[in-house]
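Visitor: Sharing a structure, written as structure tokens. Questions coming.
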Amino acid sequence: MSKAAQKAKAQIVRLLIPAGKAAPTPPVGPALGARGVKSMDFCKEFNARTAAIEPGVPIPTLITVQPDRTFSFVTKTPPVSYFLKQTTGIEKGPAKPGHETLATISLKHVYEIAKIKGSDEQMKHLQLEAIARMIVGSARSLGIQVVP
């Protein structure tokens with residue numbers, strides 16, 4: 001593939017940005033600036049789109065940068081670890097995952113998180129039970145015990 005053909009392809013940038021708090025500072029500014037996108041334009045649009053979400057909630061964002069320096073972006077639901085930490089009130093995971101239990105969470109909470117994550121595009125084809133199993137695995141690695 002020639003260099004011109006490689007440049008003509010759209011680039012995808014993945015970032016985890018706090019809702020309503022996008023600013024042209026790192027990580028947003030350098031990631032988009034390196035691809036020739038005006039980061040201020042992205043920040044204004046992102047903050048407007050995430051205005052309904054509680055400020056500061058981490059939002060995984062996929063930004064597609066076209067060769068003509070235009071961009072489009074897709075926002076997803078916050079990471080499972082964020083929901084688990086919010087529900088249990090823990091700050092961070094254990095030093096030795098699998099050996100320490102920091103908190104417990106009910107299966108009802110796991111299914112509530114699964115319903116929220118089920119609305120993501122990459123999770124739509126999965127059953128709620130499969131998503132819940134993934135969440136239980138994440139909970140285990142964060143030192144959270146799931147109780148029925």
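Convention: chains lettered A, B, ... in structure tokens order; per-chain residue numbering from 1; ligands numbered from 1 as shown.
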I'd like the contact shell of range 57-65 of chain A - 6 Å cut-off, only C-alpha atoms, skipping same-chain residues fewer than 5 positions apart - returned as a list in words.
Guide: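 That gives Ala10, Gln11, Ile12, Val13, Arg14, Leu15, Leu16, Ile17, Pro18, Ala19, Thr70, Phe71, Ser72, Phe73, Val74, Thr75, Lys76 and Pro78 of chain A.
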Visitor: Convert the current residue selection to file output with N, CA and C atoms, as a compact mmCIF listing (two decimals), in the first residue's frame.
Guide:
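Dumped everything to again.txt:
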```txt
# COMPACT_ATOMS: atom_id res chain seq x y z
N ALA A 10 -9.49 6.56 6.98
CA ALA A 10 -9.93 7.23 8.20
C ALA A 10 -9.19 6.63 9.39
N GLN A 11 -8.90 7.47 10.37
CA GLN A 11 -8.23 7.02 11.58
C GLN A 11 -9.23 7.00 12.72
N ILE A 12 -9.08 6.00 13.60
CA ILE A 12 -9.98 5.91 14.75
C ILE A 12 -9.17 6.18 16.01
N VAL A 13 -9.68 7.09 16.82
CA VAL A 13 -9.04 7.45 18.09
C VAL A 13 -9.98 7.02 19.21
N ARG A 14 -9.45 6.26 20.17
CA ARG A 14 -10.25 5.82 21.32
C ARG A 14 -9.80 6.60 22.55
N LEU A 15 -10.74 7.27 23.21
CA LEU A 15 -10.42 8.04 24.41
C LEU A 15 -11.46 7.81 25.49
N LEU A 16 -11.06 7.97 26.74
CA LEU A 16 -11.97 7.89 27.88
C LEU A 16 -12.04 9.30 28.44
N ILE A 17 -13.17 9.98 28.19
CA ILE A 17 -13.28 11.41 28.53
C ILE A 17 -14.39 11.61 29.56
N PRO A 18 -14.15 12.41 30.62
CA PRO A 18 -15.20 12.69 31.59
C PRO A 18 -16.35 13.47 30.92
N ALA A 19 -17.59 13.07 31.20
CA ALA A 19 -18.76 13.70 30.59
C ALA A 19 -18.79 15.19 30.91
N THR A 70 -12.22 16.13 8.88
CA THR A 70 -13.52 16.18 9.54
C THR A 70 -13.57 14.98 10.48
N PHE A 71 -14.46 15.04 11.44
CA PHE A 71 -14.54 13.93 12.39
C PHE A 71 -15.98 13.64 12.76
N SER A 72 -16.19 12.42 13.22
CA SER A 72 -17.47 12.03 13.81
C SER A 72 -17.11 11.20 15.02
N PHE A 73 -18.00 11.14 16.00
CA PHE A 73 -17.66 10.34 17.17
C PHE A 73 -18.89 9.63 17.73
N VAL A 74 -18.61 8.51 18.39
CA VAL A 74 -19.65 7.70 19.01
C VAL A 74 -19.30 7.60 20.49
N THR A 75 -20.29 7.87 21.35
CA THR A 75 -20.06 7.72 22.78
C THR A 75 -20.70 6.41 23.23
N LYS A 76 -20.09 5.78 24.21
CA LYS A 76 -20.60 4.52 24.73
C LYS A 76 -20.96 4.70 26.20
N PRO A 78 -20.53 4.18 30.26
CA PRO A 78 -19.32 4.13 31.09
C PRO A 78 -18.83 2.69 31.31
```
Visitor: For Phe46 in chain A, work out the shell of residues within 8 Å, counting only C-alpha atoms and skipping chain neighbours fewer than 4 positions away, then give it as a PDB file with C-alpha atoms, in the first residue's frame.
Guide:
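part_21.pdb written:
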```
ATOM      1  CA  GLY A  20     -19.156  17.441  30.033  1.00  0.00           C
ATOM      2  CA  ALA A  22     -13.746  17.635  27.487  1.00  0.00           C
ATOM      3  CA  PHE A  42     -14.649  18.344  19.230  1.00  0.00           C
ATOM      4  CA  THR A  50     -22.940  14.620  27.158  1.00  0.00           C
TER       5      THR A  50
END
```
Visitor: Please identify all polymer residues within 12 Å of Tyr111 in chain A, counting only C-alpha atoms, omitting same-chain residues fewer than 4 positions from it, and present them as a ChimeraX atom specification.
Guide: /A:80,83-84,105-107,115-118,127-136,146,148
Visitor: Could you tell me how far CA of Glu54 in chain A sits from CA of Glu91 in chain A, in Å to one decimal place?
Guide: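 Taking CA of Glu91 in chain A as the start and CA of Glu54 in chain A as the end point, the length is 18.2 Å.
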Visitor: Give the helix (DSSP H, G or I) residues of chain A, as assigned by DSSP on the backbone, as a PyMOL selection string.
Guide: chain A and resi 3-7+28-33+39-49+80-88+107-117+121-123+128-141
Visitor: Can you list, as a compact mmCIF listing (two decimals) with C-alpha atoms, in the first residue's frame, every protein, DNA or RNA residue that comes within 10 Å of Lys85 in chain A when you count only C-alpha atoms, leaving out same-chain residues fewer than 5 positions away?
Guide:
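As written to disk, part-v8.txt reads:
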```txt
# COMPACT_ATOMS: atom_id res chain seq x y z
CA VAL A 80 -18.25 -1.66 34.04
CA ILE A 90 -14.78 1.55 46.72
CA GLU A 91 -12.03 3.83 45.41
CA LYS A 92 -9.87 1.26 43.63
CA GLY A 93 -9.36 -2.47 43.27
CA ALA A 103 -17.09 -5.26 49.04
CA ALA A 139 -16.40 -7.56 39.90
CA LEU A 142 -12.02 -5.60 41.56
CA ILE A 144 -16.11 -7.44 44.83
```
Visitor: Identify which of the residues A:Val147, A:Ala23, A:Ile113, A:Ala31 lies closest to Glu45 in chain A, counting only C-alpha atoms when measuring atom-to-atom distances.
Guide: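 Checking each of A:Val147, A:Ala23, A:Ile113, A:Ala31 against Glu45 in chain A, counting only C-alpha atoms, the winner is A:Ala23.
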Visitor: Please determine, counting only C-alpha atoms, which residue among A:Met123, A:Thr101, A:Lys21, A:Gly143 has the shortest atom-to-atom distance to Pro55 in chain A.
Guide: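 Nearest to Pro55 in chain A: A:Lys21.
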Visitor: One decimal, in Å: what's the spacing between CA of Pro27 in chain A and CA of Gly89 in chain A?
Guide: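 CA of Gly89 in chain A lies at a distance of 26.5 Å from CA of Pro27 in chain A.
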Visitor: Between A:Asn47, A:Ser141, A:Ser39, A:Thr25, single out the one closest to His99 in chain A, counting only C-alpha atoms.
Guide: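 Counting only C-alpha atoms, the residue closest to His99 in chain A is A:Ser141.
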Visitor: Measuring between only C-alpha atoms, which one of A:Ala95, A:Asp68, A:Ala48, A:Ser138 shows the shortest distance to Tyr82 in chain A?
Guide: A:Ser138
Visitor: From range 50-125 of chain A, collect each residue whose DSSP state is strand (DSSP E) and return the set as a ChimeraX atom specification.
Guide: /A:58-65,71-75,103-106
Visitor: Kindly indicate which residue among A:Ala114, A:Pro26, A:Lys124, A:Gln145 lies nearest to Gly98 in chain A, using only C-alpha atoms for the distances.
Guide: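 That would be A:Gln145, the residue with the smallest distance to Gly98 in chain A.
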Visitor: So, counting only C-alpha atoms, which residue among A:Pro24, A:Leu102, A:Leu32, A:Arg69 is closest to Lys44 in chain A?
Guide: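 Between A:Pro24, A:Leu102, A:Leu32, A:Arg69, the residue approaching Lys44 in chain A most closely is A:Pro24.
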Visitor: Can you measure CA of Ser119 in chain A to CA of Thr88 in chain A for me? One decimal in Å is fine.
Guide: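 So the two atoms, CA of Ser119 in chain A and CA of Thr88 in chain A, lie 22.4 Å apart.
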